[in-house]
file coords37.cif (mmCIF, C-alpha atoms and all ligand atoms)
data_target
#
loop_
_atom_site.label_atom_id
_atom_site.label_comp_id
_atom_site.auth_asym_id
_atom_site.auth_seq_id
_atom_site.Cartn_x
_atom_site.Cartn_y
_atom_site.Cartn_z
CA MET S 1 -103.68 236.25 225.79
CA SER S 2 -102.73 239.91 226.13
CA ILE S 3 -101.97 241.90 222.99
CA LEU S 4 -98.37 242.22 224.15
CA ASN S 5 -98.01 238.47 224.43
CA GLU S 6 -99.63 237.99 221.03
CA MET S 7 -97.18 240.52 219.59
CA LYS S 8 -94.29 238.64 221.17
CA LEU S 9 -95.26 235.74 218.89
CA LEU S 10 -94.55 238.10 215.97
CA ALA S 11 -91.30 239.41 217.47
CA GLY S 12 -89.03 237.06 215.49
CA GLU S 13 -90.68 238.05 212.23
CA MET S 14 -90.62 241.79 213.03
CA THR S 15 -86.95 241.52 214.00
CA ALA S 16 -86.11 239.83 210.69
CA TRP S 17 -87.88 242.65 208.78
CA ARG S 18 -86.11 245.28 210.89
CA LEU S 19 -82.64 243.79 210.36
CA ASP S 20 -83.27 243.48 206.62
CA LEU S 21 -84.40 247.14 206.45
CA HIS S 22 -81.38 248.19 208.48
CA ALA S 23 -79.02 246.43 206.08
CA HIS S 24 -80.69 248.12 203.09
CA PRO S 25 -81.16 251.78 204.02
CA GLU S 26 -82.65 254.23 201.51
CA THR S 27 -82.76 258.01 201.96
CA GLY S 28 -85.62 260.44 201.27
CA PHE S 29 -87.86 259.74 198.25
CA GLU S 30 -85.58 256.87 197.21
CA GLU S 31 -87.24 254.25 199.43
CA ARG S 32 -88.03 251.99 196.46
CA ARG S 33 -86.90 248.66 197.88
CA THR S 34 -88.38 249.58 201.27
CA SER S 35 -91.77 250.65 199.95
CA ALA S 36 -91.96 247.60 197.65
CA MET S 37 -91.28 245.38 200.67
CA VAL S 38 -93.92 247.21 202.74
CA ALA S 39 -96.52 247.03 199.95
CA GLU S 40 -95.87 243.35 199.33
CA LYS S 41 -96.29 242.48 203.02
CA LEU S 42 -99.46 244.56 203.41
CA GLU S 43 -100.96 242.84 200.37
CA ALA S 44 -100.01 239.45 201.77
CA PHE S 45 -101.77 240.37 205.06
CA GLY S 46 -104.91 241.11 203.02
CA LEU S 47 -104.91 244.92 203.11
CA ARG S 48 -105.91 247.20 200.24
CA VAL S 49 -102.67 248.88 199.19
CA HIS S 50 -102.06 252.24 197.53
CA LYS S 51 -98.58 253.05 196.21
CA GLY S 52 -96.90 256.22 195.02
CA LEU S 53 -98.43 258.90 197.26
CA GLY S 54 -95.52 261.22 198.07
CA ARG S 55 -93.52 259.36 195.38
CA THR S 56 -92.47 256.36 197.49
CA GLY S 57 -95.21 256.46 200.14
CA VAL S 58 -97.45 253.45 200.79
CA VAL S 59 -100.88 253.37 202.44
CA GLY S 60 -102.50 250.10 203.49
CA THR S 61 -106.19 250.12 204.37
CA LEU S 62 -107.87 247.58 206.63
CA THR S 63 -111.60 247.58 207.35
CA ALA S 64 -113.49 245.44 209.83
CA GLY S 65 -117.09 245.39 211.01
CA LYS S 66 -119.65 248.03 210.10
CA GLY S 67 -118.12 251.02 211.92
CA ASP S 68 -117.68 254.23 209.95
CA ARG S 69 -114.86 255.68 212.03
CA ALA S 70 -111.32 255.73 210.66
CA ILE S 71 -107.86 256.38 212.05
CA GLY S 72 -104.40 256.74 210.55
CA LEU S 73 -101.28 255.14 212.03
CA ARG S 74 -98.08 256.49 210.55
CA ALA S 75 -94.50 255.24 210.32
CA ASP S 76 -91.54 256.79 208.51
CA MET S 77 -89.33 254.64 206.25
CA ASP S 78 -86.28 256.71 205.31
CA ALA S 79 -82.65 256.42 206.39
CA LEU S 80 -80.01 259.13 206.88
CA PRO S 81 -77.11 260.16 204.65
CA LEU S 82 -74.69 258.91 207.32
CA ARG S 83 -71.83 256.40 207.22
CA GLU S 84 -72.50 253.58 209.68
CA ASN S 85 -69.78 252.73 212.21
CA ASN S 86 -71.31 249.48 213.45
CA ALA S 87 -69.68 246.17 212.55
CA PHE S 88 -72.59 243.79 213.26
CA ALA S 89 -73.98 241.48 210.58
CA HIS S 90 -76.97 243.71 209.75
CA ARG S 91 -74.87 246.87 209.23
CA SER S 92 -75.68 249.04 206.22
CA ARG S 93 -74.76 247.50 202.87
CA THR S 94 -74.81 250.98 201.30
CA ASP S 95 -71.86 253.19 202.04
CA GLY S 96 -72.92 256.62 203.29
CA LYS S 97 -76.50 255.62 204.14
CA MET S 98 -77.71 254.38 207.48
CA HIS S 99 -80.87 253.80 209.50
CA GLY S 100 -79.55 256.11 212.23
CA CYS S 101 -82.96 257.28 213.49
CA GLY S 102 -84.72 253.94 213.87
CA HIS S 103 -87.20 254.32 211.02
CA ASP S 104 -86.34 250.68 210.19
CA GLY S 105 -87.89 249.80 213.57
CA HIS S 106 -90.85 252.15 213.05
CA THR S 107 -91.63 250.44 209.73
CA ALA S 108 -91.31 246.96 211.25
CA MET S 109 -93.59 247.81 214.21
CA LEU S 110 -96.35 249.18 212.01
CA LEU S 111 -96.10 246.14 209.72
CA GLY S 112 -96.39 243.92 212.81
CA ALA S 113 -99.51 245.78 213.93
CA ALA S 114 -101.00 245.47 210.43
CA LYS S 115 -100.39 241.73 210.38
CA TYR S 116 -101.97 241.30 213.82
CA LEU S 117 -105.01 243.51 213.15
CA ALA S 118 -105.62 241.88 209.75
CA ALA S 119 -105.60 238.45 211.37
CA THR S 120 -107.70 239.31 214.43
CA LYS S 121 -110.00 242.11 213.20
CA ARG S 122 -111.23 242.84 216.73
CA PHE S 123 -112.39 246.34 215.80
CA SER S 124 -115.11 248.04 213.81
CA GLY S 125 -114.07 250.70 211.30
CA THR S 126 -111.06 251.48 209.17
CA VAL S 127 -107.35 251.68 209.91
CA HIS S 128 -105.09 253.40 207.37
CA PHE S 129 -101.46 252.31 207.77
CA ILE S 130 -99.43 255.23 206.43
CA PHE S 131 -95.81 254.53 205.51
CA GLN S 132 -94.27 257.87 204.63
CA PRO S 133 -91.03 258.66 202.84
CA ALA S 134 -88.44 261.37 203.47
CA GLU S 135 -89.03 262.36 207.10
CA GLU S 136 -85.41 263.48 207.53
CA GLY S 137 -85.57 267.08 206.35
CA MET S 138 -87.20 266.54 202.97
CA GLY S 139 -90.86 266.88 203.88
CA GLY S 140 -92.25 263.49 202.84
CA GLY S 141 -95.16 264.05 205.22
CA ARG S 142 -95.92 267.40 203.61
CA GLU S 143 -95.81 265.85 200.16
CA MET S 144 -98.27 263.09 201.11
CA VAL S 145 -100.67 265.66 202.61
CA GLU S 146 -100.37 267.94 199.56
CA GLN S 147 -101.05 265.02 197.25
CA GLY S 148 -104.34 264.33 198.98
CA LEU S 149 -103.54 261.85 201.75
CA PHE S 150 -106.62 262.75 203.78
CA GLU S 151 -108.91 263.22 200.78
CA LYS S 152 -108.04 259.71 199.59
CA PHE S 153 -107.83 258.17 203.07
CA ASP S 154 -110.09 260.09 205.40
CA CYS S 155 -109.10 259.75 209.04
CA ASP S 156 -110.88 261.10 212.13
CA SER S 157 -107.52 261.24 213.87
CA ILE S 158 -103.91 260.40 213.18
CA TYR S 159 -101.09 258.93 215.29
CA GLY S 160 -97.29 258.81 215.19
CA MET S 161 -94.52 257.33 217.36
CA HIS S 162 -90.75 257.70 217.64
CA ASN S 163 -88.31 255.43 219.46
CA TRP S 164 -86.53 257.41 222.16
CA PRO S 165 -83.09 256.33 223.42
CA GLY S 166 -82.57 257.62 226.94
CA LEU S 167 -86.15 256.85 228.00
CA PRO S 168 -86.22 253.39 229.64
CA LEU S 169 -87.59 250.53 227.55
CA GLY S 170 -91.18 249.93 228.65
CA GLN S 171 -91.86 253.62 229.25
CA PHE S 172 -93.68 256.00 226.93
CA GLY S 173 -93.76 259.79 226.76
CA VAL S 174 -97.10 261.45 226.02
CA ARG S 175 -97.81 265.15 226.13
CA PRO S 176 -100.76 267.26 224.98
CA GLY S 177 -99.86 270.44 223.08
CA PRO S 178 -96.55 271.13 221.34
CA VAL S 179 -94.05 268.24 221.49
CA MET S 180 -91.60 269.18 218.77
CA ALA S 181 -90.60 272.54 217.35
CA SER S 182 -91.01 274.23 214.01
CA SER S 183 -87.91 274.36 211.86
CA ASP S 184 -87.49 277.37 209.58
CA LEU S 185 -84.42 278.10 207.47
CA PHE S 186 -82.93 281.48 206.67
CA GLU S 187 -80.31 282.86 204.34
CA ILE S 188 -79.07 286.45 204.59
CA GLU S 189 -76.94 288.09 201.96
CA LEU S 190 -75.14 291.21 203.21
CA THR S 191 -73.73 293.38 200.48
CA GLY S 192 -71.23 296.13 201.26
CA HIS S 193 -68.47 297.64 199.18
CA GLY S 194 -65.19 295.73 199.00
CA CYS S 195 -61.87 297.52 199.39
CA HIS S 196 -58.25 297.21 200.56
CA ALA S 197 -58.13 295.80 204.08
CA ALA S 198 -55.59 298.49 205.04
CA MET S 199 -58.00 301.26 204.04
CA PRO S 200 -61.39 300.13 205.37
CA HIS S 201 -62.74 303.71 205.33
CA THR S 202 -62.78 303.59 201.50
CA GLY S 203 -65.47 300.87 201.40
CA SER S 204 -68.22 299.46 203.61
CA ASP S 205 -67.34 296.24 205.35
CA PRO S 206 -70.04 293.53 205.30
CA VAL S 207 -67.94 291.31 207.62
CA VAL S 208 -68.24 293.77 210.51
CA ALA S 209 -71.94 294.13 209.68
CA ALA S 210 -72.29 290.32 209.76
CA ALA S 211 -70.62 290.14 213.18
CA ALA S 212 -73.08 292.73 214.53
CA LEU S 213 -75.98 290.93 212.87
CA VAL S 214 -75.16 287.55 214.46
CA GLN S 215 -75.25 289.21 217.89
CA ALA S 216 -78.37 291.23 217.17
CA LEU S 217 -80.32 288.17 216.00
CA GLN S 218 -79.88 286.70 219.49
CA THR S 219 -82.05 289.50 220.84
CA ILE S 220 -85.04 287.88 219.10
CA PRO S 221 -85.31 284.98 221.59
CA SER S 222 -84.07 287.10 224.50
CA ARG S 223 -85.93 290.39 223.90
CA SER S 224 -88.72 289.93 221.34
CA VAL S 225 -90.23 286.54 222.15
CA ASP S 226 -92.15 286.17 225.44
CA PRO S 227 -89.68 284.44 227.83
CA ILE S 228 -92.38 281.91 228.70
CA GLU S 229 -92.33 280.77 225.05
CA ALA S 230 -89.25 278.86 223.93
CA SER S 231 -87.44 279.84 220.74
CA VAL S 232 -84.03 279.47 219.11
CA VAL S 233 -82.17 281.41 216.42
CA SER S 234 -78.92 279.74 215.32
CA VAL S 235 -76.59 281.15 212.67
CA THR S 236 -74.77 278.06 211.45
CA GLN S 237 -72.87 279.27 208.38
CA ILE S 238 -70.88 282.40 207.57
CA HIS S 239 -69.25 282.57 204.15
CA ALA S 240 -67.11 285.50 203.01
CA GLY S 241 -63.85 286.49 201.42
CA ASP S 242 -60.84 284.58 200.17
CA ALA S 243 -57.84 286.86 200.75
CA TYR S 244 -55.96 288.16 203.82
CA SER S 245 -55.93 291.76 202.69
CA VAL S 246 -59.20 292.25 200.83
CA ILE S 247 -62.46 293.31 202.46
CA PRO S 248 -65.07 291.36 200.47
CA ASP S 249 -68.21 292.72 198.86
CA LYS S 250 -70.56 290.13 200.29
CA VAL S 251 -71.17 287.91 203.30
CA LEU S 252 -73.62 285.03 203.23
CA LEU S 253 -75.13 283.81 206.50
CA ARG S 254 -77.38 280.80 206.94
CA GLY S 255 -79.12 279.20 209.86
CA THR S 256 -82.32 277.93 211.43
CA THR S 257 -85.00 279.09 213.86
CA ARG S 258 -87.16 276.96 216.15
CA ALA S 259 -90.44 277.68 217.94
CA PHE S 260 -93.51 275.91 219.26
CA SER S 261 -96.23 278.05 217.73
CA PRO S 262 -96.98 279.67 214.36
CA ALA S 263 -97.39 283.02 216.18
CA VAL S 264 -93.78 282.87 217.42
CA GLN S 265 -92.65 281.81 213.92
CA ASP S 266 -94.37 284.93 212.51
CA LEU S 267 -92.80 287.15 215.16
CA MET S 268 -89.31 285.76 214.53
CA GLU S 269 -89.58 286.24 210.77
CA ARG S 270 -90.80 289.83 211.20
CA ARG S 271 -88.07 290.74 213.71
CA MET S 272 -85.43 289.11 211.55
CA ASN S 273 -86.46 291.33 208.62
CA GLU S 274 -86.36 294.45 210.79
CA ILE S 275 -83.00 293.62 212.37
CA CYS S 276 -81.39 292.73 209.03
CA ALA S 277 -82.52 296.03 207.51
CA GLY S 278 -81.47 298.07 210.56
CA ILE S 279 -78.04 296.50 211.08
CA ALA S 280 -77.27 296.68 207.35
CA ALA S 281 -78.25 300.38 207.24
CA ALA S 282 -76.08 301.12 210.29
CA HIS S 283 -73.07 299.67 208.43
CA GLY S 284 -73.72 301.14 205.00
CA ALA S 285 -74.61 297.72 203.64
CA LYS S 286 -77.72 296.09 202.21
CA ALA S 287 -79.34 292.92 203.51
CA ALA S 288 -81.49 290.44 201.61
CA LEU S 289 -83.23 287.88 203.81
CA ARG S 290 -84.75 284.69 202.48
CA TYR S 291 -86.84 283.03 205.20
CA THR S 292 -88.28 279.58 204.45
CA ARG S 293 -90.94 277.81 206.51
CA ALA S 294 -89.67 274.26 206.49
CA TYR S 295 -91.55 272.33 209.21
CA PRO S 296 -94.40 273.54 211.44
CA PRO S 297 -94.40 272.64 215.15
CA THR S 298 -95.73 269.18 216.06
CA VAL S 299 -98.77 269.84 218.23
CA ASN S 300 -100.75 267.03 219.87
CA SER S 301 -104.44 267.59 220.39
CA GLU S 302 -105.65 267.41 223.98
CA ARG S 303 -108.31 264.74 223.50
CA GLU S 304 -106.20 262.37 221.39
CA ALA S 305 -103.19 262.71 223.72
CA GLY S 306 -105.54 261.64 226.52
CA ILE S 307 -106.67 258.61 224.50
CA CYS S 308 -103.06 257.56 223.82
CA ALA S 309 -102.14 257.95 227.49
CA ALA S 310 -105.14 255.82 228.52
CA VAL S 311 -104.25 253.09 226.02
CA LEU S 312 -100.60 253.12 227.14
CA GLU S 313 -101.61 253.02 230.79
CA ARG S 314 -103.40 249.76 230.17
CA LEU S 315 -100.42 248.43 228.20
CA VAL S 316 -97.52 249.36 230.49
CA GLY S 317 -99.09 250.83 233.66
CA ALA S 318 -99.52 254.45 234.75
CA GLU S 319 -96.09 254.41 236.43
CA ASN S 320 -94.49 253.97 233.00
CA ILE S 321 -96.06 257.00 231.36
CA VAL S 322 -94.03 260.18 231.51
CA VAL S 323 -94.87 263.70 230.34
CA PRO S 324 -91.72 264.64 228.44
CA LYS S 325 -90.40 268.13 227.89
CA PRO S 326 -91.05 269.34 224.34
CA VAL S 327 -88.09 268.73 222.02
CA MET S 328 -86.49 271.51 219.93
CA GLY S 329 -85.94 269.11 217.03
CA SER S 330 -88.63 268.97 214.37
CA GLU S 331 -90.69 266.24 212.78
CA ASP S 332 -92.71 266.27 209.61
CA PHE S 333 -95.59 264.32 211.13
CA SER S 334 -96.45 267.94 212.01
CA PHE S 335 -97.92 268.39 208.50
CA MET S 336 -100.42 265.61 209.23
CA LEU S 337 -101.22 267.08 212.66
CA MET S 338 -101.91 270.45 211.00
CA LYS S 339 -104.79 268.75 209.13
CA LYS S 340 -106.09 266.22 211.65
CA ALA S 341 -106.40 265.83 215.40
CA GLY S 342 -103.92 263.31 216.73
CA CYS S 343 -100.92 262.51 218.87
CA TYR S 344 -97.23 261.75 218.50
CA VAL S 345 -95.70 259.70 221.33
CA PHE S 346 -92.15 258.84 222.36
CA ALA S 347 -91.43 255.15 222.92
CA GLY S 348 -88.61 254.49 225.37
CA SER S 349 -85.91 252.32 223.84
CA GLY S 350 -83.53 252.08 226.77
CA PRO S 351 -80.19 253.61 227.71
CA VAL S 352 -77.98 255.42 225.20
CA LYS S 353 -75.04 253.04 224.87
CA SER S 354 -71.60 254.70 224.39
CA GLY S 355 -73.10 257.91 223.04
CA ALA S 356 -75.02 256.09 220.30
CA ALA S 357 -78.12 258.32 220.37
CA LEU S 358 -80.34 259.07 217.37
CA HIS S 359 -78.33 260.20 214.29
CA ASN S 360 -75.08 258.78 215.72
CA PRO S 361 -73.07 256.44 213.43
CA ASN S 362 -73.10 253.76 216.18
CA TYR S 363 -76.85 253.92 216.82
CA ASP S 364 -79.02 250.83 216.33
CA PHE S 365 -82.77 250.40 216.91
CA ASN S 366 -83.53 248.32 220.03
CA ASP S 367 -85.45 245.27 218.79
CA ASP S 368 -86.89 244.66 222.26
CA LEU S 369 -89.17 247.62 221.52
CA LEU S 370 -90.76 245.93 218.47
CA PRO S 371 -93.49 243.89 220.24
CA LEU S 372 -94.27 246.74 222.63
CA GLY S 373 -94.56 249.37 219.91
CA ALA S 374 -96.67 247.07 217.73
CA ALA S 375 -98.87 246.24 220.74
CA TYR S 376 -99.41 249.97 221.31
CA TRP S 377 -100.51 250.45 217.68
CA ALA S 378 -102.88 247.50 217.82
CA SER S 379 -104.31 248.49 221.23
CA LEU S 380 -104.87 252.04 220.00
CA ALA S 381 -106.83 250.80 216.97
CA GLU S 382 -108.87 248.34 219.04
CA HIS S 383 -109.61 251.03 221.65
CA ILE S 384 -110.60 253.88 219.32
CA LEU S 385 -112.49 251.61 216.92
CA ALA S 386 -113.97 249.41 219.65
CA ALA S 387 -116.50 247.02 218.12
ZN ZN S 401 -84.04 261.57 212.61
ZN ZN S 402 -86.61 259.87 213.22
#
call {"tool": "encode", "arguments": {"input": "coords37.cif", "output": "structure tokens"}}
result
Amino acid sequence: MSILNEMKLLAGEMTAWRLDLHAHPETGFEERRTSAMVAEKLEAFGLRVHKGLGRTGVVGTLTAGKGDRAIGLRADMDALPLRENNAFAHRSRTDGKMHGCGHDGHTAMLLGAAKYLAATKRFSGTVHFIFQPAEEGMGGGREMVEQGLFEKFDCDSIYGMHNWPGLPLGQFGVRPGPVMASSDLFEIELTGHGCHAAMPHTGSDPVVAAAALVQALQTIPSRSVDPIEASVVSVTQIHAGDAYSVIPDKVLLRGTTRAFSPAVQDLMERRMNEICAGIAAAHGAKAALRYTRAYPPTVNSEREAGICAAVLERLVGAENIVVPKPVMGSEDFSFMLMKKAGCYVFAGSGPVKSGAALHNPNYDFNDDLLPLGAAYWASLAEHILAA
């Protein structure tokens, strides 16, 4: 029987886990019920289980044969701080929290693969099943890496997967090189000299300086970064003043930058410092920039992307492998890919129904993807750790 058909025998069980996880969403670093459920299942499958890495992270280790190679397969477990709009039976039981990104499905697929591989053991080496917390903006992946993920669980290479609404079910997206962007955060405080709005010449207006600064920052992607490289600077918050006739002392701007390489991140940070200082000086104001590196770009290594594509070709056929455009969103699997060679793939989950894409309050993970995603995980392990 093919791996996919064997996984279909586990589809009912994986769906039950997925629906249960969906009904009980937990946000970053609070995945206590979720990680307890994951740990309990992994133990029941016969894996060695480590709890508490990255606070609520769980790692299950499965060894077979005499091989000394090891890989890591990673799923994320956290939900979003989002109020669910769905009315189906498995809707969120917790108001204001929702599995709106499909990490319920990611967790269920990796559990399915663990159950299958523990029962069949048709490989030689070690598979580390990494269930990470807090992917949604809180750096759970970074925390696991910083707390010694790869010192405790050495992996030759590491793999991740995300369900992708809009890509047909049965298709996968694989791309060597950058697949998702860095995400840096910035905060700029512009300080001028407040005064009567009718007599602007008696002060220095940080609001006019802020307007000029928002425009000038757009010259970073258009005039500083090589046009062949993609980058984004978005100012998303402007806070100032609270009266009609008072020019305020201060303006606070916040926003985010995106890029696909650390070199472009460095360039953007440097140019942002220069532009802030120059625009502030031109307006008689002072600028203080706080620039925070939040997530690095997610960069697949050439060799491992090739391995994933070959495994997927055998699973779904070459005609169902696409090379997707890189995505400007970010992903904290990037912290693991900074340390180890590996590959992050997109798993098609079918059409976006009525606008219910990822992070939409009407989104739901497509359970038809469960056996396919689990079959990919298992095939990858059996291929790389071939006995
Ligand atoms: Zn998400
Ligand atoms: Zn996600």
call {"tool": "closest_residue", "arguments": {"input": "coords37.cif", "among": "S:Leu42, S:Leu358, S:Ala230, S:Ala259", "to": "Leu82 (chain S)", "atoms": "only C-alpha atoms"}}
result
S:Leu358
call {"tool": "residues_around", "arguments": {"input": "coords37.cif", "residues": "region 84-95 of chain S", "least_positions_apart": "3", "cutoff": "9 Å", "atoms": "only C-alpha atoms", "output": "CSV table (one decimal) with C-alpha atoms, in the frame of the given file"}}
result
chain,number,residue,atom,x,y,z
S,19,LEU,CA,-82.6,243.8,210.4
S,20,ASP,CA,-83.3,243.5,206.6
S,21,LEU,CA,-84.4,247.1,206.4
S,22,HIS,CA,-81.4,248.2,208.5
S,23,ALA,CA,-79.0,246.4,206.1
S,24,HIS,CA,-80.7,248.1,203.1
S,25,PRO,CA,-81.2,251.8,204.0
S,26,GLU,CA,-82.6,254.2,201.5
S,98,MET,CA,-77.7,254.4,207.5
S,99,HIS,CA,-80.9,253.8,209.5
S,100,GLY,CA,-79.6,256.1,212.2
S,360,ASN,CA,-75.1,258.8,215.7
S,361,PRO,CA,-73.1,256.4,213.4
S,362,ASN,CA,-73.1,253.8,216.2
S,363,TYR,CA,-76.8,253.9,216.8
S,364,ASP,CA,-79.0,250.8,216.3
call {"tool": "residues_near_ligand", "arguments": {"input": "coords37.cif", "ligand": "ligand ZN 402 (chain S)", "cutoff": "8 Å", "atoms": "only C-alpha atoms and all ligand atoms", "output": "ChimeraX atom specification"}}
result
/S:76,101-103,135-136,162-163,331,358
call {"tool": "closest_residue", "arguments": {"input": "coords37.cif", "among": "S:Arg290, S:Arg258, S:Arg74, S:Lys97", "to": "Gly342 (chain S)", "atoms": "only C-alpha atoms"}}
result
S:Arg74
call {"tool": "atom_distance", "arguments": {"input": "coords37.cif", "atom1": "CA of Gly284 (chain S)", "atom2": "CA of Val208 (chain S)"}}
result
10.7 Å
call {"tool": "residues_around", "arguments": {"input": "coords37.cif", "residues": "Glu304 (chain S)", "least_positions_apart": "2", "cutoff": "12 Å", "atoms": "only C-alpha atoms", "output": "PyMOL selection string"}}
result
chain S and resi 71+156-160+174-177+299-302+306-311+337+340-345+380+383-384
call {"tool": "residues_around", "arguments": {"input": "coords37.cif", "residues": "region 260-274 of chain S", "least_positions_apart": "2", "cutoff": "6 Å", "atoms": "only C-alpha atoms", "output": "MDAnalysis selection string"}}
result
chainID S and resid 181 276:277 297
call {"tool": "residues_around", "arguments": {"input": "coords37.cif", "residues": "Val58 (chain S)", "least_positions_apart": "2", "cutoff": "9 Å", "atoms": "all atoms listed in the file", "output": "PDB file with C-alpha atoms, in the coordinates of the input"}}
result
ATOM      1  CA  SER S  35     -91.770 250.650 199.950  1.00  0.00           C
ATOM      2  CA  ALA S  36     -91.960 247.600 197.650  1.00  0.00           C
ATOM      3  CA  VAL S  38     -93.920 247.210 202.740  1.00  0.00           C
ATOM      4  CA  ALA S  39     -96.520 247.030 199.950  1.00  0.00           C
ATOM      5  CA  VAL S  49    -102.670 248.880 199.190  1.00  0.00           C
ATOM      6  CA  HIS S  50    -102.060 252.240 197.530  1.00  0.00           C
ATOM      7  CA  LYS S  51     -98.580 253.050 196.210  1.00  0.00           C
ATOM      8  CA  GLY S  52     -96.900 256.220 195.020  1.00  0.00           C
ATOM      9  CA  LEU S  53     -98.430 258.900 197.260  1.00  0.00           C
ATOM     10  CA  GLY S  54     -95.520 261.220 198.070  1.00  0.00           C
ATOM     11  CA  ARG S  55     -93.520 259.360 195.380  1.00  0.00           C
ATOM     12  CA  THR S  56     -92.470 256.360 197.490  1.00  0.00           C
ATOM     13  CA  GLY S  60    -102.500 250.100 203.490  1.00  0.00           C
ATOM     14  CA  PHE S 129    -101.460 252.310 207.770  1.00  0.00           C
ATOM     15  CA  ILE S 130     -99.430 255.230 206.430  1.00  0.00           C
ATOM     16  CA  PHE S 131     -95.810 254.530 205.510  1.00  0.00           C
ATOM     17  CA  GLN S 132     -94.270 257.870 204.630  1.00  0.00           C
ATOM     18  CA  PRO S 133     -91.030 258.660 202.840  1.00  0.00           C
TER      19      PRO S 133
END
call {"tool": "closest_residue", "arguments": {"input": "coords37.cif", "among": "S:Leu213, S:Val233, S:Leu253, S:Ala240", "to": "Ala282 (chain S)", "atoms": "all atoms listed in the file"}}
result
S:Leu213
call {"tool": "residues_around", "arguments": {"input": "coords37.cif", "residues": "Met109 (chain S)", "least_positions_apart": "2", "cutoff": "9 Å", "atoms": "all atoms listed in the file", "output": "PyMOL selection string"}}
result
chain S and resi 14+18+75+104-107+111-114+369-375+377
call {"tool": "atom_distance", "arguments": {"input": "coords37.cif", "atom1": "CA of Thr298 (chain S)", "atom2": "CA of Thr34 (chain S)"}}
result
25.6 Å
call {"tool": "atom_distance", "arguments": {"input": "coords37.cif", "atom1": "CA of Ala118 (chain S)", "atom2": "CA of Glu43 (chain S)"}}
result
10.5 Å
call {"tool": "residues_near_point", "arguments": {"input": "coords37.cif", "point": "(-101.1, 240.3, 222.2)", "cutoff": "9 Å", "atoms": "all atoms listed in the file", "output": "PyMOL selection string"}}
result
chain S and resi 1-9+116+371+375+378-379
call {"tool": "closest_residue", "arguments": {"input": "coords37.cif", "among": "S:Gly148, S:Pro324, S:Gly329, S:Pro206", "to": "ligand ZN 401 (chain S)", "atoms": "all atoms listed in the file"}}
result
S:Gly329
call {"tool": "closest_residue", "arguments": {"input": "coords37.cif", "among": "S:Gly241, S:Pro200, S:Gly350, S:Pro81", "to": "ligand ZN 401 (chain S)", "atoms": "only C-alpha atoms and all ligand atoms"}}
result
S:Pro81
